[in-house]
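One file, entry11.cif, is given below (mmCIF, C-alpha atoms; chains and numbers go by the auth columns).
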```
data_protein
loop_
_atom_site.group_PDB
_atom_site.id
_atom_site.type_symbol
_atom_site.label_atom_id
_atom_site.label_comp_id
_atom_site.label_asym_id
_atom_site.label_seq_id
_atom_site.Cartn_x
_atom_site.Cartn_y
_atom_site.Cartn_z
_atom_site.B_iso_or_equiv
_atom_site.auth_seq_id
_atom_site.auth_asym_id
ATOM 1 C CA GLY A 1 -14.360 0.907 -14.463 0.00 29 Z
ATOM 2 C CA ALA A 2 -11.206 -1.169 -14.714 0.00 30 Z
ATOM 3 C CA GLY A 3 -9.531 0.024 -11.524 0.00 31 Z
ATOM 4 C CA VAL A 4 -10.290 0.880 -7.919 0.00 32 Z
ATOM 5 C CA SER A 5 -12.232 4.127 -7.774 0.00 33 Z
ATOM 6 C CA GLN A 6 -12.247 6.459 -4.772 0.00 34 Z
ATOM 7 C CA SER A 7 -14.281 9.565 -4.120 0.00 35 Z
ATOM 8 C CA PRO A 8 -13.885 12.352 -3.437 0.00 36 Z
ATOM 9 C CA SER A 9 -10.297 12.794 -4.582 0.00 37 Z
ATOM 10 C CA ASN A 10 -9.884 15.733 -2.214 0.00 38 Z
ATOM 11 C CA LYS A 11 -11.818 16.710 0.886 0.00 39 Z
ATOM 12 C CA VAL A 12 -11.354 19.718 3.143 0.00 40 Z
ATOM 13 C CA THR A 13 -13.379 19.662 6.325 0.00 41 Z
ATOM 14 C CA GLU A 14 -13.601 21.603 9.540 0.00 42 Z
ATOM 15 C CA LYS A 15 -12.391 20.089 12.770 0.00 43 Z
ATOM 16 C CA GLY A 16 -15.231 18.287 14.527 0.00 44 Z
ATOM 17 C CA LYS A 17 -17.204 17.481 11.379 0.00 45 Z
ATOM 18 C CA ASP A 18 -17.887 13.938 10.135 0.00 46 Z
ATOM 19 C CA VAL A 19 -16.631 12.745 6.740 0.00 47 Z
ATOM 20 C CA GLU A 20 -17.422 9.775 4.520 0.00 48 Z
ATOM 21 C CA LEU A 21 -14.961 8.395 2.002 0.00 49 Z
ATOM 22 C CA ARG A 22 -16.103 6.002 -0.703 0.00 50 Z
ATOM 23 C CA CYS A 23 -14.362 3.124 -2.447 0.00 51 Z
ATOM 24 C CA ASP A 24 -15.544 1.167 -5.490 0.00 52 Z
ATOM 25 C CA PRO A 25 -13.327 -1.922 -5.772 0.00 53 Z
ATOM 26 C CA ILE A 26 -12.503 -3.849 -8.923 0.00 54 Z
ATOM 27 C CA SER A 27 -15.475 -6.010 -9.872 0.00 55 Z
ATOM 28 C CA GLY A 28 -15.136 -9.549 -8.532 0.00 56 Z
ATOM 29 C CA HIS A 29 -12.440 -8.761 -5.995 0.00 57 Z
ATOM 30 C CA THR A 30 -13.304 -10.378 -2.702 0.00 58 Z
ATOM 31 C CA ALA A 31 -10.854 -8.507 -0.481 0.00 59 Z
ATOM 32 C CA LEU A 32 -10.920 -4.784 0.259 0.00 60 Z
ATOM 33 C CA TYR A 33 -8.499 -2.748 2.348 0.00 61 Z
ATOM 34 C CA TRP A 34 -8.306 0.757 3.724 0.00 62 Z
ATOM 35 C CA TYR A 35 -4.906 2.282 4.445 0.00 63 Z
ATOM 36 C CA ARG A 36 -3.814 5.738 5.549 0.00 64 Z
ATOM 37 C CA GLN A 37 -0.688 7.491 4.351 0.00 65 Z
ATOM 38 C CA SER A 38 0.577 10.580 6.119 0.00 66 Z
ATOM 39 C CA LEU A 39 3.166 12.910 4.603 0.00 67 Z
ATOM 40 C CA GLY A 40 6.506 11.107 4.373 0.00 68 Z
ATOM 41 C CA GLN A 41 5.147 8.036 6.110 0.00 69 Z
ATOM 42 C CA GLY A 42 4.442 4.507 4.991 0.00 70 Z
ATOM 43 C CA LEU A 43 1.043 2.947 4.596 0.00 71 Z
ATOM 44 C CA GLU A 44 -0.811 2.467 7.850 0.00 72 Z
ATOM 45 C CA PHE A 45 -3.307 -0.404 7.784 0.00 73 Z
ATOM 46 C CA LEU A 46 -6.805 0.542 8.937 0.00 74 Z
ATOM 47 C CA ILE A 47 -9.309 -2.205 8.103 0.00 75 Z
ATOM 48 C CA TYR A 48 -9.610 -5.299 5.894 0.00 76 Z
ATOM 49 C CA PHE A 49 -12.716 -6.977 4.470 0.00 77 Z
ATOM 50 C CA GLN A 50 -12.477 -10.510 3.055 0.00 78 Z
ATOM 51 C CA GLY A 51 -15.602 -11.973 1.500 0.00 79 Z
ATOM 52 C CA ASN A 52 -18.306 -12.611 4.082 0.00 80 Z
ATOM 53 C CA SER A 53 -15.872 -12.933 6.987 0.00 81 Z
ATOM 54 C CA ALA A 54 -15.895 -10.495 9.876 0.00 82 Z
ATOM 55 C CA PRO A 55 -13.642 -7.540 8.992 0.00 83 Z
ATOM 56 C CA ASP A 56 -10.209 -7.148 10.566 0.00 84 Z
ATOM 57 C CA LYS A 57 -10.559 -3.796 12.329 0.00 85 Z
ATOM 58 C CA SER A 58 -7.314 -4.041 14.248 0.00 86 Z
ATOM 59 C CA GLY A 59 -5.773 -1.014 12.529 0.00 87 Z
ATOM 60 C CA LEU A 60 -8.493 1.525 13.233 0.00 88 Z
ATOM 61 C CA PRO A 61 -6.806 4.219 15.365 0.00 89 Z
ATOM 62 C CA SER A 62 -9.843 5.153 17.457 0.00 90 Z
ATOM 63 C CA ASP A 63 -13.576 4.578 17.776 0.00 91 Z
ATOM 64 C CA ARG A 64 -14.136 7.686 15.650 0.00 92 Z
ATOM 65 C CA PHE A 65 -13.212 5.538 12.654 0.00 93 Z
ATOM 66 C CA SER A 66 -15.575 2.969 11.159 0.00 94 Z
ATOM 67 C CA ALA A 67 -16.063 1.277 7.825 0.00 95 Z
ATOM 68 C CA GLU A 68 -18.631 -0.866 6.132 0.00 96 Z
ATOM 69 C CA ARG A 69 -18.797 -2.816 2.946 0.00 97 Z
ATOM 70 C CA THR A 70 -22.231 -3.233 1.443 0.00 98 Z
ATOM 71 C CA GLY A 71 -23.139 -6.245 -0.688 0.00 99 Z
ATOM 72 C CA GLY A 72 -19.515 -7.320 -0.847 0.00 100 Z
ATOM 73 C CA SER A 73 -18.700 -4.403 -3.126 0.00 101 Z
ATOM 74 C CA VAL A 74 -18.671 -0.673 -2.309 0.00 102 Z
ATOM 75 C CA SER A 75 -17.076 0.393 0.945 0.00 103 Z
ATOM 76 C CA THR A 76 -17.432 3.568 2.988 0.00 104 Z
ATOM 77 C CA LEU A 77 -14.913 4.764 5.568 0.00 105 Z
ATOM 78 C CA THR A 78 -16.436 7.174 8.083 0.00 106 Z
ATOM 79 C CA ILE A 79 -14.476 9.450 10.386 0.00 107 Z
ATOM 80 C CA GLN A 80 -16.525 11.138 13.081 0.00 108 Z
ATOM 81 C CA ARG A 81 -15.578 14.365 14.856 0.00 109 Z
ATOM 82 C CA THR A 82 -12.506 14.836 12.670 0.00 110 Z
ATOM 83 C CA GLN A 83 -9.257 16.050 14.220 0.00 111 Z
ATOM 84 C CA GLN A 84 -6.286 17.744 12.566 0.00 112 Z
ATOM 85 C CA GLU A 85 -4.200 14.601 13.009 0.00 113 Z
ATOM 86 C CA ASP A 86 -6.665 12.796 10.737 0.00 114 Z
ATOM 87 C CA SER A 87 -5.295 14.785 7.792 0.00 115 Z
ATOM 88 C CA ALA A 88 -3.757 12.236 5.417 0.00 116 Z
ATOM 89 C CA VAL A 89 -4.326 10.390 2.164 0.00 117 Z
ATOM 90 C CA TYR A 90 -6.780 7.539 2.611 0.00 118 Z
ATOM 91 C CA LEU A 91 -6.134 4.704 0.181 0.00 119 Z
ATOM 92 C CA CYS A 92 -8.458 1.886 -0.722 0.00 120 Z
ATOM 93 C CA ALA A 93 -7.288 -1.335 -2.344 0.00 121 Z
ATOM 94 C CA SER A 94 -8.935 -4.506 -3.570 0.00 122 Z
ATOM 95 C CA SER A 95 -7.497 -7.889 -4.349 0.00 123 Z
ATOM 96 C CA LEU A 96 -8.201 -11.314 -5.739 0.00 124 Z
ATOM 97 C CA LYS A 97 -5.761 -14.104 -4.985 0.00 125 Z
ATOM 98 C CA MET A 98 -3.388 -11.733 -3.219 0.00 126 Z
ATOM 99 C CA GLN A 99 -2.614 -9.366 -6.127 0.00 127 Z
ATOM 100 C CA THR A 100 -3.683 -6.082 -4.615 0.00 128 Z
ATOM 101 C CA PHE A 101 -4.510 -2.917 -6.541 0.00 129 Z
ATOM 102 C CA PHE A 102 -4.897 0.567 -5.130 0.00 130 Z
ATOM 103 C CA GLY A 103 -7.082 3.512 -5.935 0.00 131 Z
ATOM 104 C CA GLN A 104 -5.708 7.028 -6.264 0.00 132 Z
ATOM 105 C CA GLY A 105 -6.710 7.926 -2.732 0.00 133 Z
ATOM 106 C CA THR A 106 -8.718 10.636 -1.015 0.00 134 Z
ATOM 107 C CA ARG A 107 -6.631 13.506 0.317 0.00 135 Z
ATOM 108 C CA LEU A 108 -8.298 14.632 3.543 0.00 136 Z
ATOM 109 C CA THR A 109 -7.412 17.973 5.088 0.00 137 Z
ATOM 110 C CA VAL A 110 -8.894 18.911 8.448 0.00 138 Z
ATOM 111 C CA VAL A 111 -8.722 22.645 9.157 0.00 139 Z
ATOM 112 C CA GLN B 1 10.553 -3.845 15.852 0.00 27 I
ATOM 113 C CA LYS B 2 8.427 -3.298 12.773 0.00 28 I
ATOM 114 C CA GLU B 3 7.609 -6.439 10.851 0.00 29 I
ATOM 115 C CA VAL B 4 8.931 -4.951 7.595 0.00 30 I
ATOM 116 C CA GLU B 5 12.000 -2.714 7.407 0.00 31 I
ATOM 117 C CA GLN B 6 12.930 -0.635 4.376 0.00 32 I
ATOM 118 C CA ASP B 7 15.616 2.035 4.021 0.00 33 I
ATOM 119 C CA PRO B 8 13.816 5.284 3.145 0.00 34 I
ATOM 120 C CA GLY B 9 16.723 6.666 1.093 0.00 35 I
ATOM 121 C CA PRO B 10 16.701 8.906 -0.837 0.00 36 I
ATOM 122 C CA LEU B 11 18.645 6.956 -3.409 0.00 37 I
ATOM 123 C CA SER B 12 20.040 8.936 -6.340 0.00 38 I
ATOM 124 C CA VAL B 13 21.505 7.196 -9.387 0.00 39 I
ATOM 125 C CA PRO B 14 22.469 8.259 -12.915 0.00 40 I
ATOM 126 C CA GLU B 15 20.356 7.180 -15.855 0.00 41 I
ATOM 127 C CA GLY B 16 21.296 3.690 -17.038 0.00 42 I
ATOM 128 C CA ALA B 17 22.459 2.453 -13.638 0.00 43 I
ATOM 129 C CA ILE B 18 21.288 -0.753 -12.019 0.00 44 I
ATOM 130 C CA VAL B 19 19.215 -0.022 -8.942 0.00 45 I
ATOM 131 C CA SER B 20 18.886 -2.381 -5.990 0.00 46 I
ATOM 132 C CA LEU B 21 16.072 -1.875 -3.494 0.00 47 I
ATOM 133 C CA ASN B 22 15.678 -4.083 -0.438 0.00 48 I
ATOM 134 C CA CYS B 23 13.451 -4.992 2.474 0.00 49 I
ATOM 135 C CA THR B 24 13.939 -7.206 5.474 0.00 50 I
ATOM 136 C CA TYR B 25 11.193 -8.748 7.552 0.00 51 I
ATOM 137 C CA SER B 26 10.779 -10.596 10.797 0.00 52 I
ATOM 138 C CA ASN B 27 7.676 -12.749 10.305 0.00 53 I
ATOM 139 C CA SER B 28 8.696 -16.125 8.872 0.00 54 I
ATOM 140 C CA ALA B 29 5.048 -16.819 7.982 0.00 55 I
ATOM 141 C CA PHE B 30 5.091 -14.294 5.124 0.00 56 I
ATOM 142 C CA GLN B 31 4.665 -16.085 1.805 0.00 57 I
ATOM 143 C CA TYR B 32 3.441 -13.421 -0.628 0.00 58 I
ATOM 144 C CA PHE B 33 5.726 -10.556 -1.587 0.00 59 I
ATOM 145 C CA MET B 34 4.960 -7.499 -3.664 0.00 60 I
ATOM 146 C CA TRP B 35 6.667 -4.354 -4.892 0.00 61 I
ATOM 147 C CA TYR B 36 4.759 -1.175 -5.564 0.00 62 I
ATOM 148 C CA ARG B 37 5.802 2.038 -7.287 0.00 63 I
ATOM 149 C CA GLN B 38 4.225 5.269 -6.114 0.00 64 I
ATOM 150 C CA TYR B 39 4.542 8.555 -7.949 0.00 65 I
ATOM 151 C CA SER B 40 3.931 11.783 -6.081 0.00 66 I
ATOM 152 C CA ARG B 41 0.251 12.349 -5.290 0.00 67 I
ATOM 153 C CA LYS B 42 -0.758 9.031 -6.861 0.00 68 I
ATOM 154 C CA GLY B 43 -1.824 5.660 -5.471 0.00 69 I
ATOM 155 C CA PRO B 44 0.676 2.776 -5.292 0.00 70 I
ATOM 156 C CA GLU B 45 0.953 0.773 -8.514 0.00 71 I
ATOM 157 C CA LEU B 46 1.631 -2.982 -8.346 0.00 72 I
ATOM 158 C CA LEU B 47 4.940 -3.740 -10.082 0.00 73 I
ATOM 159 C CA MET B 48 5.902 -7.263 -9.092 0.00 74 I
ATOM 160 C CA TYR B 49 4.220 -10.123 -7.241 0.00 75 I
ATOM 161 C CA THR B 50 5.986 -13.276 -6.086 0.00 76 I
ATOM 162 C CA TYR B 51 5.076 -16.271 -3.996 0.00 77 I
ATOM 163 C CA SER B 52 7.613 -17.898 -1.660 0.00 78 I
ATOM 164 C CA SER B 53 11.324 -17.882 -2.513 0.00 79 I
ATOM 165 C CA GLY B 54 12.946 -17.379 -5.892 0.00 80 I
ATOM 166 C CA ASN B 55 13.303 -14.855 -8.685 0.00 81 I
ATOM 167 C CA LYS B 56 10.805 -13.276 -11.024 0.00 82 I
ATOM 168 C CA GLU B 57 11.667 -11.105 -13.997 0.00 83 I
ATOM 169 C CA ASP B 58 9.457 -8.664 -15.891 0.00 84 I
ATOM 170 C CA GLY B 59 11.194 -6.477 -18.440 0.00 85 I
ATOM 171 C CA ARG B 60 13.743 -4.290 -16.663 0.00 86 I
ATOM 172 C CA PHE B 61 12.522 -5.397 -13.233 0.00 87 I
ATOM 173 C CA THR B 62 13.635 -8.465 -11.254 0.00 88 I
ATOM 174 C CA ALA B 63 12.233 -9.419 -7.856 0.00 89 I
ATOM 175 C CA GLN B 64 14.124 -11.775 -5.560 0.00 90 I
ATOM 176 C CA VAL B 65 12.919 -13.430 -2.386 0.00 91 I
ATOM 177 C CA ASP B 66 15.232 -15.187 0.081 0.00 92 I
ATOM 178 C CA LYS B 67 13.001 -16.581 2.809 0.00 93 I
ATOM 179 C CA SER B 68 15.917 -18.143 4.680 0.00 94 I
ATOM 180 C CA SER B 69 17.381 -14.670 5.201 0.00 95 I
ATOM 181 C CA LYS B 70 13.997 -12.911 5.375 0.00 96 I
ATOM 182 C CA TYR B 71 15.210 -10.541 2.665 0.00 97 I
ATOM 183 C CA ILE B 72 13.623 -9.384 -0.553 0.00 98 I
ATOM 184 C CA SER B 73 15.036 -7.271 -3.364 0.00 99 I
ATOM 185 C CA LEU B 74 13.910 -5.405 -6.445 0.00 100 I
ATOM 186 C CA PHE B 75 16.438 -4.745 -9.189 0.00 101 I
ATOM 187 C CA ILE B 76 15.870 -2.186 -11.925 0.00 102 I
ATOM 188 C CA ARG B 77 18.150 -2.458 -14.957 0.00 103 I
ATOM 189 C CA ASP B 78 18.891 0.432 -17.310 0.00 104 I
ATOM 190 C CA SER B 79 17.152 2.860 -14.962 0.00 105 I
ATOM 191 C CA GLN B 80 15.283 5.776 -16.538 0.00 106 I
ATOM 192 C CA PRO B 81 14.286 9.188 -15.168 0.00 107 I
ATOM 193 C CA SER B 82 10.674 7.960 -15.353 0.00 108 I
ATOM 194 C CA ASP B 83 11.586 5.357 -12.706 0.00 109 I
ATOM 195 C CA SER B 84 11.957 8.197 -10.180 0.00 110 I
ATOM 196 C CA ALA B 85 9.351 7.398 -7.547 0.00 111 I
ATOM 197 C CA THR B 86 8.923 5.828 -4.136 0.00 112 I
ATOM 198 C CA TYR B 87 9.143 2.037 -4.085 0.00 113 I
ATOM 199 C CA LEU B 88 7.228 0.139 -1.428 0.00 114 I
ATOM 200 C CA CYS B 89 7.634 -3.497 -0.503 0.00 115 I
ATOM 201 C CA ALA B 90 4.647 -5.388 0.879 0.00 116 I
ATOM 202 C CA MET B 91 4.086 -8.890 2.155 0.00 117 I
ATOM 203 C CA SER B 92 1.487 -11.142 3.701 0.00 118 I
ATOM 204 C CA GLN B 93 0.924 -14.616 5.076 0.00 119 I
ATOM 205 C CA ASN B 94 -2.097 -15.471 2.962 0.00 120 I
ATOM 206 C CA SER B 95 -5.442 -14.135 1.860 0.00 121 I
ATOM 207 C CA GLY B 96 -6.749 -14.017 5.410 0.00 122 I
ATOM 208 C CA TYR B 97 -4.280 -11.339 6.418 0.00 123 I
ATOM 209 C CA ALA B 98 -3.702 -7.723 5.476 0.00 124 I
ATOM 210 C CA LEU B 99 -0.606 -6.615 3.604 0.00 125 I
ATOM 211 C CA ASN B 100 2.318 -5.329 5.671 0.00 126 I
ATOM 212 C CA PHE B 101 4.204 -2.488 4.026 0.00 127 I
ATOM 213 C CA GLY B 102 7.683 -1.071 4.330 0.00 128 I
ATOM 214 C CA LYS B 103 7.924 2.708 4.611 0.00 129 I
ATOM 215 C CA GLY B 104 9.152 3.019 1.033 0.00 130 I
ATOM 216 C CA THR B 105 12.442 4.002 -0.616 0.00 131 I
ATOM 217 C CA SER B 106 12.591 7.256 -2.564 0.00 132 I
ATOM 218 C CA LEU B 107 14.488 6.821 -5.854 0.00 133 I
ATOM 219 C CA LEU B 108 15.741 9.605 -8.103 0.00 134 I
ATOM 220 C CA VAL B 109 17.213 8.756 -11.503 0.00 135 I
ATOM 221 C CA THR B 110 19.079 11.722 -12.938 0.00 136 I
ATOM 222 C CA PRO B 111 19.513 12.243 -16.708 0.00 137 I
#
```
Once more with this new file: its structure as structure tokens, please.
Amino acid sequence: GAGVSQSPSNKVTEKGKDVELRCDPISGHTALYWYRQSLGQGLEFLIYFQGNSAPDKSGLPSDRFSAERTGGSVSTLTIQRTQQEDSAVYLCASSLKMQTFFGQGTRLTVV
Amino acid sequence: QKEVEQDPGPLSVPEGAIVSLNCTYSNSAFQYFMWYRQYSRKGPELLMYTYSSGNKEDGRFTAQVDKSSKYISLFIRDSQPSDSATYLCAMSQNSGYALNFGKGTSLLVTP
């Protein structure tokens, strides 16, 4: 596809369960980001992958959060033992030469 | 102090007005500046991208960067109801760093 694709678009999970969110970046984009957006809040940086460099994980809020990027393309964000405060929209973005494009997000609801 | 400050609004203007949206920042190393538009329940959409100081115009939109004042602006001429959205500023040092976002300004253009 032409844009950043995220799946699922919506996810409802029970507290304590693990979830995996997927991001397909724009083909050829070397950088990939995950952000979180809570209701009425700005974008909170989570993790950043740039080419083959070690990812910048400085934004991950706890060790329950992890992400990987396989083959420099698809990325998966995993949240273990979900909590209600994890409820938010998780946005993925990819970029080439600094112009950064976002997917439509995954709306996660923890009940 | 957050690195990027943005007045959340809401800002309400009549159709046809000129809109001015602004962000200030504290990190003098920022060189890349972007404006995003986000409609409700959608991902942010890249509107304008500028490097270093100066102006950039694209249709009804003009982006200005004043690095000496650490101040960036987005002007919307002849505003339309379809411009009603949240506008986010974002900036970065270079490709090795994640984007830093403002919290967004909510704009309502009334017919």
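Once segment 125-127 of chain I and its same-chain neighbours fewer than 2 positions away are set aside, Leu71 of chain Z; Val30, Leu114, Cys115, Ala116, Met117, Ser118, Tyr123 and Lys129 of chain I remain within 7 Å of it when counting only C-alpha atoms.
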Per-residue nearest contacts chain I to chain Z, cut-off 12 Å, using all atoms listed in the file, as a tab-separated table:
```
residue	atom	partner	partner_atom	distance
I:Lys28	CA	Z:Gly70	CA	11.7
I:Val30	CA	Z:Gly70	CA	10.8
I:Glu31	CA	Z:Gly70	CA	10.7
I:Gln32	CA	Z:Gly70	CA	9.9
I:Asp33	CA	Z:Gly70	CA	11.5
I:Pro34	CA	Z:Gly68	CA	9.4
I:Gly35	CA	Z:Gly68	CA	11.6
I:Pro36	CA	Z:Gly68	CA	11.7
I:Gln57	CA	Z:Met126	CA	10.4
I:Tyr58	CA	Z:Met126	CA	7.5
I:Phe59	CA	Z:Met126	CA	9.3
I:Met60	CA	Z:Gln127	CA	8.2
I:Trp61	CA	Z:Thr128	CA	10.5
I:Tyr62	CA	Z:Phe129	CA	9.5
I:Arg63	CA	Z:Phe130	CA	11.0
I:Gln64	CA	Z:Gln132	CA	10.1
I:Tyr65	CA	Z:Gln132	CA	10.5
I:Ser66	CA	Z:Gln132	CA	10.7
I:Arg67	CA	Z:Gln132	CA	8.0
I:Lys68	CA	Z:Gln132	CA	5.4
I:Gly69	CA	Z:Gln132	CA	4.2
I:Pro70	CA	Z:Phe130	CA	6.0
I:Glu71	CA	Z:Phe130	CA	6.8
I:Leu72	CA	Z:Phe129	CA	6.4
I:Leu73	CA	Z:Phe129	CA	10.1
I:Met74	CA	Z:Gln127	CA	9.3
I:Tyr75	CA	Z:Gln127	CA	7.0
I:Thr76	CA	Z:Gln127	CA	9.4
I:Tyr77	CA	Z:Met126	CA	9.6
I:Thr112	CA	Z:Gly70	CA	10.3
I:Tyr113	CA	Z:Gly70	CA	10.5
I:Leu114	CA	Z:Gly70	CA	8.2
I:Cys115	CA	Z:Gly70	CA	10.2
I:Ala116	CA	Z:Leu71	CA	9.8
I:Met117	CA	Z:Met126	CA	9.6
I:Ser118	CA	Z:Met126	CA	8.5
I:Gln119	CA	Z:Met126	CA	9.8
I:Asn120	CA	Z:Met126	CA	7.3
I:Ser121	CA	Z:Met126	CA	6.0
I:Gly122	CA	Z:Gln78	CA	7.1
I:Tyr123	CA	Z:Tyr76	CA	8.1
I:Ala124	CA	Z:Tyr76	CA	6.4
I:Leu125	CA	Z:Phe73	CA	8.0
I:Asn126	CA	Z:Phe73	CA	7.8
I:Phe127	CA	Z:Leu71	CA	6.3
I:Gly128	CA	Z:Gly70	CA	6.5
I:Lys129	CA	Z:Gly70	CA	3.9
I:Gly130	CA	Z:Gly70	CA	6.3
I:Thr131	CA	Z:Gly70	CA	9.8
I:Ser132	CA	Z:Gly68	CA	10.0
```
If I wrap all listed atoms of segment 118-136 of chain I in a box with edges along x, y and z and add 3 Å on each side, what are its centre and edge lengths in Å to one decimal, as JSON?
```
{"center_x": 6.2, "center_y": -1.9, "center_z": -3.3, "size_x": 31.8, "size_y": 33.2, "size_z": 25.4}
```
Starting from the PyMOL selection byres ((chain Z and resi 40) around 6), expand the selection into actual residues of this file and give them as a PyMOL selection string.
chain Z and resi 39+41+136-138
Counting all atoms listed in the file, which of Z:Gly99, Z:Ser122, Z:Phe93, Z:Val139 gets nearest to Pro53 of chain Z?
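Distance minimum relative to Pro53 of chain Z lands on Z:Ser122.
One distance worth recording is that between atom CA of Arg64 of chain Z and atom CA of Ser78 of chain I, which is 27.2 Å.
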So which residues fall inside 6 Å of (12.3, -0.2, -7.8) if we count only C-alpha atoms? Mind giving them as number ranges by chain?
I: 47, 100, 102, 113
Include C-alpha atoms and write out the residues we just selected as a PDB file, keeping the file's coordinate frame.
```pdb
ATOM      1  CA  LEU I  47      16.072  -1.875  -3.494  1.00  0.00           C
ATOM      2  CA  LEU I 100      13.910  -5.405  -6.445  1.00  0.00           C
ATOM      3  CA  ILE I 102      15.870  -2.186 -11.925  1.00  0.00           C
ATOM      4  CA  TYR I 113       9.143   2.037  -4.085  1.00  0.00           C
TER       5      TYR I 113
END
```
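Distances to Phe87 of chain I were evaluated for I:Ser46, I:Thr136, I:Ser52, I:Ser38 using all atoms listed in the file, and the minimum falls at I:Ser46.
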Around (-18.6, -4.0, -10.1) in the file's own coordinates, what residues are found within 9 Å if you use only C-alpha atoms, given back as a list in words?
Gly29, Asp52, Pro53, Ile54, Ser55, Gly56, His57, Ser101 and Val102 of chain Z
Could you turn the residues from that selection into a file that holds C-alpha atoms, as a short mmCIF file (atom, residue, chain, number, x, y, z; two decimals), in the coordinates of the input?
```
data_model
loop_
_atom_site.label_atom_id
_atom_site.label_comp_id
_atom_site.auth_asym_id
_atom_site.auth_seq_id
_atom_site.Cartn_x
_atom_site.Cartn_y
_atom_site.Cartn_z
CA GLY Z 29 -14.36 0.91 -14.46
CA ASP Z 52 -15.54 1.17 -5.49
CA PRO Z 53 -13.33 -1.92 -5.77
CA ILE Z 54 -12.50 -3.85 -8.92
CA SER Z 55 -15.48 -6.01 -9.87
CA GLY Z 56 -15.14 -9.55 -8.53
CA HIS Z 57 -12.44 -8.76 -6.00
CA SER Z 101 -18.70 -4.40 -3.13
CA VAL Z 102 -18.67 -0.67 -2.31
#
```
